[in-house]
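A.B. asks: Please find coords-v8.cif (mmCIF, C-alpha atoms) on the next line:
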data_protein
#
loop_
_atom_site.group_PDB
_atom_site.id
_atom_site.type_symbol
_atom_site.label_atom_id
_atom_site.label_comp_id
_atom_site.auth_asym_id
_atom_site.auth_seq_id
_atom_site.Cartn_x
_atom_site.Cartn_y
_atom_site.Cartn_z
ATOM 1 C CA MET A 1 -69.469 87.795 71.857
ATOM 2 C CA GLY A 2 -66.433 87.311 74.125
ATOM 3 C CA SER A 3 -65.126 90.215 76.204
ATOM 4 C CA ALA A 4 -67.636 92.683 74.754
ATOM 5 C CA GLY A 5 -70.488 90.517 76.027
ATOM 6 C CA LEU A 6 -68.841 90.151 79.426
ATOM 7 C CA ALA A 7 -68.586 93.940 79.830
ATOM 8 C CA ARG A 8 -72.405 94.226 79.688
ATOM 9 C CA LEU A 9 -72.882 91.574 82.370
ATOM 10 C CA HIS A 10 -71.676 93.481 85.450
ATOM 11 C CA GLY A 11 -74.692 94.314 87.603
ATOM 12 C CA LEU A 12 -77.873 93.033 89.232
ATOM 13 C CA PHE A 13 -80.946 91.353 87.804
ATOM 14 C CA ALA A 14 -83.924 89.409 89.155
ATOM 15 C CA THR A 15 -85.078 85.884 88.367
ATOM 16 C CA TYR A 16 -88.275 84.052 89.258
ATOM 17 C CA LYS A 17 -87.541 80.964 91.354
ATOM 18 C CA PRO A 18 -90.261 78.323 91.032
ATOM 19 C CA PRO A 19 -91.197 76.210 94.073
ATOM 20 C CA GLY A 20 -89.274 72.967 94.420
ATOM 21 C CA LEU A 21 -86.064 74.392 92.929
ATOM 22 C CA LYS A 22 -83.035 75.014 95.152
ATOM 23 C CA TRP A 23 -81.500 78.486 94.882
ATOM 24 C CA LYS A 24 -78.042 76.975 94.313
ATOM 25 C CA HIS A 25 -79.323 74.956 91.348
ATOM 26 C CA LEU A 26 -80.843 78.139 89.913
ATOM 27 C CA ARG A 27 -77.552 80.008 90.316
ATOM 28 C CA ASP A 28 -75.576 77.192 88.672
ATOM 29 C CA THR A 29 -78.053 77.007 85.773
ATOM 30 C CA VAL A 30 -77.785 80.749 85.144
ATOM 31 C CA GLU A 31 -73.967 80.592 85.233
ATOM 32 C CA MET A 32 -73.948 77.679 82.784
ATOM 33 C CA GLN A 33 -76.281 79.523 80.381
ATOM 34 C CA LEU A 34 -74.166 82.685 80.544
ATOM 35 C CA LEU A 35 -70.948 80.774 79.829
ATOM 36 C CA LYS A 36 -72.664 79.002 76.956
ATOM 37 C CA GLY A 37 -73.711 82.343 75.464
ATOM 38 C CA LEU A 38 -70.287 83.965 75.932
ATOM 39 C CA ASN A 39 -68.496 81.050 74.258
ATOM 40 C CA ALA A 40 -71.024 80.670 71.436
ATOM 41 C CA GLY A 41 -69.678 83.564 69.376
ATOM 42 C CA LYS A 42 -67.572 83.024 66.269
ATOM 43 C CA PRO A 43 -63.886 82.877 67.279
ATOM 44 C CA PRO A 44 -61.676 85.652 65.891
ATOM 45 C CA ALA A 45 -59.605 84.931 62.827
ATOM 46 C CA PRO A 46 -56.337 83.259 63.859
ATOM 47 C CA GLU A 47 -53.153 85.279 63.728
ATOM 48 C CA GLN A 48 -50.824 84.582 60.820
ATOM 49 C CA ARG A 49 -47.153 83.778 61.182
ATOM 50 C CA VAL A 50 -44.369 83.392 58.627
ATOM 51 C CA CYS A 51 -43.000 79.906 58.273
ATOM 52 C CA PHE A 52 -40.242 78.630 55.983
ATOM 53 C CA LEU A 53 -41.330 75.444 54.266
ATOM 54 C CA LEU A 54 -39.035 73.090 52.377
ATOM 55 C CA GLY A 55 -40.050 72.482 48.765
ATOM 56 C CA PRO A 56 -38.690 71.926 45.249
ATOM 57 C CA MET A 57 -36.955 74.885 43.629
ATOM 58 C CA GLU A 58 -39.104 76.579 40.986
ATOM 59 C CA GLY A 59 -37.983 75.857 37.441
ATOM 60 C CA SER A 60 -35.693 73.074 38.558
ATOM 61 C CA GLU A 61 -36.106 69.672 36.959
ATOM 62 C CA GLY A 62 -33.854 68.036 39.453
ATOM 63 C CA LYS A 63 -34.301 67.209 43.073
ATOM 64 C CA GLU A 64 -33.000 70.547 44.335
ATOM 65 C CA LEU A 65 -34.925 71.843 47.367
ATOM 66 C CA THR A 66 -35.275 75.325 48.782
ATOM 67 C CA LEU A 67 -36.930 77.152 51.694
ATOM 68 C CA THR A 68 -39.991 79.237 50.810
ATOM 69 C CA ALA A 69 -41.533 81.882 53.128
ATOM 70 C CA THR A 70 -45.195 81.021 53.667
ATOM 71 C CA SER A 71 -47.928 82.591 55.842
ATOM 72 C CA VAL A 72 -49.732 80.004 58.019
ATOM 73 C CA PRO A 73 -52.372 80.430 60.777
ATOM 74 C CA THR A 74 -51.372 80.185 64.439
ATOM 75 C CA LEU A 75 -53.616 77.627 66.128
ATOM 76 C CA THR A 76 -52.363 77.924 69.703
ATOM 77 C CA ASN A 77 -55.375 80.082 70.702
ATOM 78 C CA HIS A 78 -57.991 78.119 68.771
ATOM 79 C CA PRO A 79 -60.906 76.852 70.974
ATOM 80 C CA LEU A 80 -60.327 73.306 69.745
ATOM 81 C CA VAL A 81 -56.755 73.527 71.065
ATOM 82 C CA CYS A 82 -56.986 75.555 74.273
ATOM 83 C CA GLY A 83 -60.691 75.016 75.096
ATOM 84 C CA PRO A 84 -63.456 77.655 75.583
ATOM 85 C CA GLU A 85 -62.416 81.221 76.417
ATOM 86 C CA PHE A 86 -64.703 81.477 79.487
ATOM 87 C CA THR A 87 -64.823 78.588 81.954
ATOM 88 C CA SER A 88 -66.156 80.277 85.118
ATOM 89 C CA LEU A 89 -68.138 83.363 86.036
ATOM 90 C CA LYS A 90 -68.742 85.107 89.347
ATOM 91 C CA VAL A 91 -72.487 84.895 90.035
ATOM 92 C CA GLY A 92 -73.730 85.864 93.503
ATOM 93 C CA VAL A 93 -77.139 85.357 95.125
ATOM 94 C CA GLY A 94 -78.955 88.027 97.154
ATOM 95 C CA HIS A 95 -81.627 87.307 99.779
ATOM 96 C CA ARG A 96 -82.173 83.586 99.388
ATOM 97 C CA LEU A 97 -85.351 81.552 99.075
ATOM 98 C CA ASP A 98 -85.660 78.037 100.454
ATOM 99 C CA THR A 99 -86.715 75.118 98.278
ATOM 100 C CA ARG A 100 -90.460 75.326 99.018
ATOM 101 C CA ALA A 101 -90.704 79.108 98.471
ATOM 102 C CA SER A 102 -91.029 80.864 95.126
ATOM 103 C CA GLY A 103 -90.755 84.376 93.749
ATOM 104 C CA VAL A 104 -88.186 87.110 93.147
ATOM 105 C CA LEU A 105 -84.544 86.068 93.596
ATOM 106 C CA VAL A 106 -81.884 88.713 92.861
ATOM 107 C CA LEU A 107 -78.548 87.673 91.335
ATOM 108 C CA GLY A 108 -75.364 89.665 90.779
ATOM 109 C CA VAL A 109 -72.763 89.075 88.068
ATOM 110 C CA GLY A 110 -69.129 90.240 88.229
ATOM 111 C CA HIS A 111 -68.874 93.632 89.942
ATOM 112 C CA GLY A 112 -72.593 93.350 90.674
ATOM 113 C CA CYS A 113 -71.763 91.016 93.562
ATOM 114 C CA ARG A 114 -70.575 94.102 95.496
ATOM 115 C CA LEU A 115 -74.016 95.645 94.955
ATOM 116 C CA LEU A 116 -75.556 92.609 96.649
ATOM 117 C CA THR A 117 -73.612 93.582 99.778
ATOM 118 C CA ASP A 118 -74.967 97.132 99.462
ATOM 119 C CA MET A 119 -78.504 95.729 99.227
ATOM 120 C CA TYR A 120 -77.891 93.756 102.410
ATOM 121 C CA ASN A 121 -76.506 96.812 104.245
ATOM 122 C CA ALA A 122 -79.460 98.962 103.136
ATOM 123 C CA HIS A 123 -81.892 96.704 105.096
ATOM 124 C CA LEU A 124 -84.493 96.911 102.331
ATOM 125 C CA THR A 125 -87.985 95.550 102.869
ATOM 126 C CA LYS A 126 -89.422 92.630 100.919
ATOM 127 C CA ASP A 127 -93.028 91.759 100.054
ATOM 128 C CA TYR A 128 -94.541 88.282 100.363
ATOM 129 C CA THR A 129 -97.898 86.653 99.794
ATOM 130 C CA VAL A 130 -98.421 83.888 102.348
ATOM 131 C CA LEU A 131 -101.260 81.390 102.002
ATOM 132 C CA GLY A 132 -102.556 79.857 105.229
ATOM 133 C CA LEU A 133 -104.891 76.940 105.901
ATOM 134 C CA LEU A 134 -106.950 76.770 109.100
ATOM 135 C CA GLY A 135 -107.791 73.609 110.976
ATOM 136 C CA LYS A 136 -104.571 71.625 111.295
ATOM 137 C CA ALA A 137 -101.020 71.789 112.652
ATOM 138 C CA THR A 138 -97.867 70.047 111.383
ATOM 139 C CA ASP A 139 -94.364 69.573 112.728
ATOM 140 C CA ASP A 140 -92.764 72.031 110.257
ATOM 141 C CA PHE A 141 -95.701 74.490 109.814
ATOM 142 C CA CYS A 142 -96.100 73.365 106.163
ATOM 143 C CA GLU A 143 -99.237 71.831 104.712
ATOM 144 C CA ASP A 144 -97.389 68.674 103.631
ATOM 145 C CA GLY A 145 -95.600 68.195 106.973
ATOM 146 C CA GLN A 146 -96.334 65.477 109.526
ATOM 147 C CA LEU A 147 -99.813 66.067 110.987
ATOM 148 C CA VAL A 148 -99.766 66.922 114.695
ATOM 149 C CA GLU A 149 -103.274 68.153 115.407
ATOM 150 C CA LYS A 150 -106.656 68.885 113.823
ATOM 151 C CA THR A 151 -108.988 71.591 115.135
ATOM 152 C CA THR A 152 -112.254 73.340 114.306
ATOM 153 C CA TYR A 153 -112.273 76.862 112.920
ATOM 154 C CA ASP A 154 -115.968 77.764 112.581
ATOM 155 C CA HIS A 155 -115.562 80.544 115.155
ATOM 156 C CA VAL A 156 -112.843 82.356 113.150
ATOM 157 C CA THR A 157 -114.005 85.542 111.399
ATOM 158 C CA ARG A 158 -112.329 88.139 109.201
ATOM 159 C CA GLU A 159 -112.676 90.738 111.947
ATOM 160 C CA LYS A 160 -110.851 88.565 114.506
ATOM 161 C CA LEU A 161 -108.050 87.921 112.029
ATOM 162 C CA ASP A 162 -107.706 91.631 111.192
ATOM 163 C CA ARG A 163 -107.451 92.538 114.895
ATOM 164 C CA ILE A 164 -104.636 90.028 115.437
ATOM 165 C CA LEU A 165 -102.778 91.282 112.366
ATOM 166 C CA ALA A 166 -103.053 94.876 113.627
ATOM 167 C CA VAL A 167 -101.529 93.853 116.975
ATOM 168 C CA ILE A 168 -98.671 92.034 115.223
ATOM 169 C CA GLN A 169 -97.928 95.036 112.999
ATOM 170 C CA GLY A 170 -97.971 97.464 115.936
ATOM 171 C CA SER A 171 -95.576 95.386 118.044
ATOM 172 C CA HIS A 172 -93.141 94.976 115.145
ATOM 173 C CA GLN A 173 -93.181 98.701 114.328
ATOM 174 C CA LYS A 174 -92.209 99.468 117.927
ATOM 175 C CA ALA A 175 -89.386 96.951 117.625
ATOM 176 C CA LEU A 176 -88.249 98.608 114.378
ATOM 177 C CA VAL A 177 -87.894 101.959 116.131
ATOM 178 C CA MET A 178 -85.955 100.298 118.958
ATOM 179 C CA TYR A 179 -83.499 98.577 116.599
ATOM 180 C CA SER A 180 -83.030 101.778 114.554
ATOM 181 C CA ASN A 181 -81.593 103.620 117.587
ATOM 182 C CA LEU A 182 -83.436 106.778 116.522
ATOM 183 C CA ASP A 183 -84.843 109.469 118.770
ATOM 184 C CA LEU A 184 -88.304 110.017 117.322
ATOM 185 C CA LYS A 185 -88.460 113.490 118.885
ATOM 186 C CA THR A 186 -85.897 114.810 116.404
ATOM 187 C CA GLN A 187 -86.835 116.382 113.071
ATOM 188 C CA GLU A 188 -84.517 114.042 111.167
ATOM 189 C CA ALA A 189 -86.197 110.938 112.611
ATOM 190 C CA TYR A 190 -89.637 112.375 111.855
ATOM 191 C CA GLU A 191 -88.727 112.991 108.217
ATOM 192 C CA MET A 192 -87.279 109.486 107.871
ATOM 193 C CA ALA A 193 -90.456 108.004 109.345
ATOM 194 C CA VAL A 194 -92.630 109.971 106.909
ATOM 195 C CA ARG A 195 -90.545 108.752 103.956
ATOM 196 C CA GLY A 196 -90.548 105.165 105.252
ATOM 197 C CA LEU A 197 -86.766 105.096 105.625
ATOM 198 C CA ILE A 198 -86.453 103.951 109.235
ATOM 199 C CA ARG A 199 -84.178 100.933 109.195
ATOM 200 C CA PRO A 200 -82.367 98.918 111.880
ATOM 201 C CA THR A 201 -78.709 99.853 112.226
ATOM 202 C CA ASN A 202 -77.572 96.230 112.459
ATOM 203 C CA LYS A 203 -78.890 92.718 112.009
ATOM 204 C CA SER A 204 -82.140 92.195 113.912
ATOM 205 C CA PRO A 205 -84.857 89.551 114.268
ATOM 206 C CA MET A 206 -87.591 89.485 111.648
ATOM 207 C CA LEU A 207 -89.349 92.857 111.519
ATOM 208 C CA ILE A 208 -92.792 93.230 109.925
ATOM 209 C CA THR A 209 -93.541 96.723 108.640
ATOM 210 C CA SER A 210 -96.952 95.839 107.211
ATOM 211 C CA ILE A 211 -99.302 92.848 107.299
ATOM 212 C CA ARG A 212 -102.875 92.540 106.083
ATOM 213 C CA CYS A 213 -105.343 89.909 104.964
ATOM 214 C CA ARG A 214 -106.004 90.106 101.239
ATOM 215 C CA HIS A 215 -108.419 87.186 100.953
ATOM 216 C CA PHE A 216 -110.434 85.273 103.567
ATOM 217 C CA ALA A 217 -112.399 82.156 102.608
ATOM 218 C CA PRO A 218 -112.090 79.588 105.423
ATOM 219 C CA PRO A 219 -110.204 77.377 105.693
ATOM 220 C CA GLU A 220 -107.952 79.461 103.410
ATOM 221 C CA PHE A 221 -106.660 82.965 104.069
ATOM 222 C CA LEU A 222 -104.095 84.971 102.102
ATOM 223 C CA LEU A 223 -101.741 87.389 103.851
ATOM 224 C CA GLU A 224 -99.718 90.200 102.321
ATOM 225 C CA VAL A 225 -96.577 90.753 104.394
ATOM 226 C CA GLN A 226 -93.907 93.450 104.113
ATOM 227 C CA CYS A 227 -90.874 92.644 106.232
ATOM 228 C CA MET A 228 -87.092 92.541 106.557
ATOM 229 C CA HIS A 229 -84.505 90.152 108.024
ATOM 230 C CA GLU A 230 -86.923 87.269 107.597
ATOM 231 C CA THR A 231 -86.598 83.651 106.600
ATOM 232 C CA GLN A 232 -89.353 81.722 104.888
ATOM 233 C CA LYS A 233 -89.537 79.348 107.857
ATOM 234 C CA GLN A 234 -90.253 82.313 110.147
ATOM 235 C CA LEU A 235 -93.127 83.341 107.881
ATOM 236 C CA ARG A 236 -94.556 79.818 108.104
ATOM 237 C CA ARG A 237 -94.202 79.915 111.881
ATOM 238 C CA LEU A 238 -96.042 83.265 111.828
ATOM 239 C CA VAL A 239 -99.046 81.549 110.207
ATOM 240 C CA HIS A 240 -98.920 78.884 112.943
ATOM 241 C CA GLU A 241 -98.841 81.546 115.682
ATOM 242 C CA ILE A 242 -101.747 83.428 114.081
ATOM 243 C CA GLY A 243 -103.724 80.180 114.204
ATOM 244 C CA LEU A 244 -103.011 79.817 117.923
ATOM 245 C CA GLU A 245 -104.110 83.417 118.560
ATOM 246 C CA LEU A 246 -107.380 82.596 116.786
ATOM 247 C CA LYS A 247 -107.896 79.671 119.209
ATOM 248 C CA THR A 248 -107.360 77.138 116.430
ATOM 249 C CA THR A 249 -104.449 75.895 114.327
ATOM 250 C CA ALA A 250 -103.082 76.858 110.920
ATOM 251 C CA VAL A 251 -100.439 75.715 108.460
ATOM 252 C CA CYS A 252 -98.732 77.503 105.585
ATOM 253 C CA SER A 253 -99.328 76.140 102.089
ATOM 254 C CA GLN A 254 -97.429 78.755 100.041
ATOM 255 C CA VAL A 255 -94.789 81.468 100.472
ATOM 256 C CA ARG A 256 -94.174 83.703 97.465
ATOM 257 C CA ARG A 257 -91.877 86.726 97.349
ATOM 258 C CA THR A 258 -93.345 89.452 95.132
ATOM 259 C CA ARG A 259 -90.722 92.145 95.759
ATOM 260 C CA ASP A 260 -87.110 92.205 96.916
ATOM 261 C CA GLY A 261 -86.057 95.794 97.595
ATOM 262 C CA PHE A 262 -86.416 97.643 94.290
ATOM 263 C CA PHE A 263 -86.938 94.486 92.177
ATOM 264 C CA MET A 264 -90.588 93.712 91.482
ATOM 265 C CA LEU A 265 -92.266 90.562 90.209
ATOM 266 C CA ASP A 266 -92.474 92.080 86.715
ATOM 267 C CA ASP A 267 -88.671 92.475 86.674
ATOM 268 C CA ALA A 268 -88.022 88.775 87.308
ATOM 269 C CA LEU A 269 -86.817 86.661 84.390
ATOM 270 C CA LEU A 270 -88.657 83.381 83.875
ATOM 271 C CA ARG A 271 -86.782 80.132 83.356
ATOM 272 C CA THR A 272 -87.101 80.437 79.557
ATOM 273 C CA GLN A 273 -85.338 83.833 79.759
ATOM 274 C CA TRP A 274 -82.186 82.680 81.560
ATOM 275 C CA ASP A 275 -79.978 83.317 78.534
ATOM 276 C CA LEU A 276 -77.140 85.737 77.822
ATOM 277 C CA HIS A 277 -79.035 88.390 75.839
ATOM 278 C CA SER A 278 -82.074 88.508 78.171
ATOM 279 C CA ILE A 279 -79.846 88.815 81.253
ATOM 280 C CA GLN A 280 -77.689 91.509 79.613
ATOM 281 C CA ASP A 281 -80.804 93.523 78.749
ATOM 282 C CA ALA A 282 -82.205 93.092 82.269
ATOM 283 C CA ILE A 283 -78.936 94.255 83.881
ATOM 284 C CA GLN A 284 -78.680 97.314 81.631
ATOM 285 C CA ALA A 285 -82.336 98.244 82.203
ATOM 286 C CA ALA A 286 -82.022 97.931 86.002
ATOM 287 C CA ALA A 287 -78.644 99.693 86.395
ATOM 288 C CA PRO A 288 -79.917 103.331 86.722
ATOM 289 C CA ARG A 289 -82.656 102.310 89.163
ATOM 290 C CA VAL A 290 -80.255 100.189 91.222
ATOM 291 C CA ALA A 291 -77.792 103.094 91.579
ATOM 292 C CA ALA A 292 -80.496 105.622 92.505
ATOM 293 C CA GLU A 293 -82.316 103.377 94.991
ATOM 294 C CA LEU A 294 -79.148 102.222 96.737
ATOM 295 C CA GLU A 295 -77.955 105.810 97.133
ATOM 296 C CA LYS A 296 -81.316 106.835 98.582
ATOM 297 C CA SER A 297 -81.494 103.842 100.921
ATOM 298 C CA LEU A 298 -77.883 103.847 102.110
ATOM 299 C CA ARG A 299 -77.664 107.592 102.799
ATOM 300 C CA PRO A 300 -79.919 107.545 105.928
ATOM 301 C CA VAL A 301 -78.212 104.396 107.201
ATOM 302 C CA LEU A 302 -74.743 105.873 106.821
ATOM 303 C CA GLY A 303 -75.906 109.139 108.367
ATOM 304 C CA THR A 304 -77.296 107.318 111.380
#
Spell out the structure here as structure tokens.

C.D. replies:
Amino acid sequence: MGSAGLARLHGLFATYKPPGLKWKHLRDTVEMQLLKGLNAGKPPAPEQRVCFLLGPMEGSEGKELTLTATSVPTLTNHPLVCGPEFTSLKVGVGHRLDTRASGVLVLGVGHGCRLLTDMYNAHLTKDYTVLGLLGKATDDFCEDGQLVEKTTYDHVTREKLDRILAVIQGSHQKALVMYSNLDLKTQEAYEMAVRGLIRPTNKSPMLITSIRCRHFAPPEFLLEVQCMHETQKQLRRLVHEIGLELKTTAVCSQVRRTRDGFFMLDDALLRTQWDLHSIQDAIQAAAPRVAAELEKSLRPVLGT
């Protein structure tokens, strides 16, 4: 495989991070599997060199010796002598997921690490499904955290939850316009708003562009959140704050990222697919879409 295999590895691809796995462990596992695949190929035939070997003279019955030109293999570049050809690989991680969270995690290999920076500068939105549980509060907003309080939730209805979500979305959309430094009275800003391309010009607090309840069966409720500049802890805190607005308490039992920019859940490689050939195919398949989406997303930002 060698250098030919390495040439097809420059780019971006998505993996699925299961809950309980640290992102750094995932990155290290992928790097190890790639190095294993690159070094697994059959080594090239060794170069030959001419060597003069001392031996008996042909046709001589005596002990006369002579030097004979002989072709012998050069072993200085053999893997058993100098070790594997590839010992390290540049693998970068995009928007990270904490240990408890799961979902789409984008990685970059080689020159693809520069594209991770472009993804960051494009301020792309990400989609999450967040599962909440009414009736209790913990110290870290997680279901398995230390219990702080228990409350009733019989008065909570779907309509009350939807009203609170609408208020949250409206306030965050106003904040998005403020951080974008756009004058909405201009034609350019109007066209960007219609195409959904309004982005903050710099780093900002978490901004929610869309939030809705997808399933409501107390004590459980499932939220679908589209946001940017978030952390998973902020999403868990959001569930806690929604509980307080509903005059009760709530904890978060699951955070799952279903989209990161232009990488969907269907694009993510499962743990059994973290091998050289699967990752090469994923990078090659995503390359045209990555180039087109980054150009479309970065153009308004650079123009602003």

A.B. asks: Check which residues satisfy the PyMOL selection byres ((chain A and resi 164) around 12) in the file shown, then give them as number ranges by chain.

C.D. replies: A: 156-163, 165-171, 211-213, 238-239, 241-247

A.B. asks: Quick one: which residues end up in the PyMOL selection byres ((chain A and resi 101-118) around 6) for this structure, as a count of residues only?

C.D. replies: 26

A.B. asks: Quote the spacing between CA of Ile198 (chain A) and CA of Gln234 (chain A) in Å to one decimal place.

C.D. replies: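 Interatomic distance here is 22.0 Å.
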
A.B. asks: Residues at most 9 Å from Thr87 (chain A), counting all atoms listed in the file, excluding those fewer than 2 positions away in the same chain, as a list in words?

C.D. replies: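 Surrounding residues, per the criterion: Leu35, Asn39, Gly83, Pro84, Glu85 and Leu89 of chain A.
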
A.B. asks: Near Arg214 (chain A), counting all atoms listed in the file, which residues have an atom at most 7 Å away, once you skip same-chain residues fewer than 6 positions from it, shown as a list in words?

C.D. replies: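 Near neighbours after the sequence-gap exclusion: Leu222, Leu223 and Glu224 of chain A.
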
A.B. asks: Each residue of region 33-112 of chain A lying at most 7 Å from region 265-276 of chain A should get a row with its shortest atom-to-atom pair and the distance in Å to one decimal, counting only C-alpha atoms; could you produce that, ordered by chain and increasing number, as a tab-separated table?

C.D. replies:
residue	atom	partner	partner_atom	distance
A:Gln33	CA	A:Asp275	CA	5.6
A:Leu34	CA	A:Leu276	CA	5.1
A:Gly37	CA	A:Leu276	CA	5.4
A:Val104	CA	A:Ala268	CA	6.1

A.B. asks: Which residue is closest to Phe86 (chain A)? Choose from A:Gly55, A:Gly20, A:Gly145, A:Gly5 and count only C-alpha atoms.

C.D. replies: A:Gly5

A.B. asks: How many Å separate CA of Val30 (chain A) from CA of Ala286 (chain A)?

C.D. replies: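 Computed distance, CA of Val30 (chain A) to CA of Ala286 (chain A), equals 17.7 Å.
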
A.B. asks: Using only C-alpha atoms, which residue out of A:Ser204, A:Thr76, A:Phe141, A:Lys136 lies closest to Ala175 (chain A)?

C.D. replies: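 Among the listed residues, A:Ser204 lies closest to Ala175 (chain A).
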
A.B. asks: Compute the distance from (-86.1, 96.4, 98.3) to each atom, counting all atoms listed in the file, keep the residues with any atom at most 7 Å away, and return them as a list in words; use the coordinates of the file.

C.D. replies: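 Answer for this query, in the requested form: Leu124, Thr125, Lys126, Arg259, Asp260, Gly261, Phe262 and Phe263 of chain A.
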
A.B. asks: One decimal, in Å: what's the spacing between CA of His95 (chain A) and CA of Glu31 (chain A)?

C.D. replies: 17.8 Å

A.B. asks: Let me know the residues the PyMOL selection byres ((chain A and resi 73) around 10) catches in the file above, as number ranges by chain.

C.D. replies: A: 45-51, 71-72, 74-76

A.B. asks: Around all the atoms of region 29-46 of chain A listed in the file, with 6 Å of room on each side, what axis-aligned box do you get, giving centre and edge lengths in Å to one decimal, as JSON?

C.D. replies:
{"center_x": -67.2, "center_y": 81.3, "center_z": 74.3, "size_x": 33.7, "size_y": 20.6, "size_z": 34.9}

A.B. asks: Nearest to Glu220 (chain A): which of A:Val130, A:Arg237, A:Asp281, A:Thr201 is it, counting all atoms listed in the file?

C.D. replies: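 The closest residue to Glu220 (chain A) is A:Val130.
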
A.B. asks: I need the residue nearest Thr138 (chain A) from this list: A:Ala291, A:Leu176, A:Ala69, A:Ala250. Use only C-alpha atoms for the distance.

C.D. replies: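 For Thr138 (chain A), the nearest of the given residues is A:Ala250.
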
A.B. asks: Applying 6 Å and all atoms listed in the file, which residues near Gln280 (chain A) remain after dropping the ones on its own chain fewer than 2 positions away? List them as a PyMOL selection string.

C.D. replies: chain A and resi 8-9+277-278+282-283
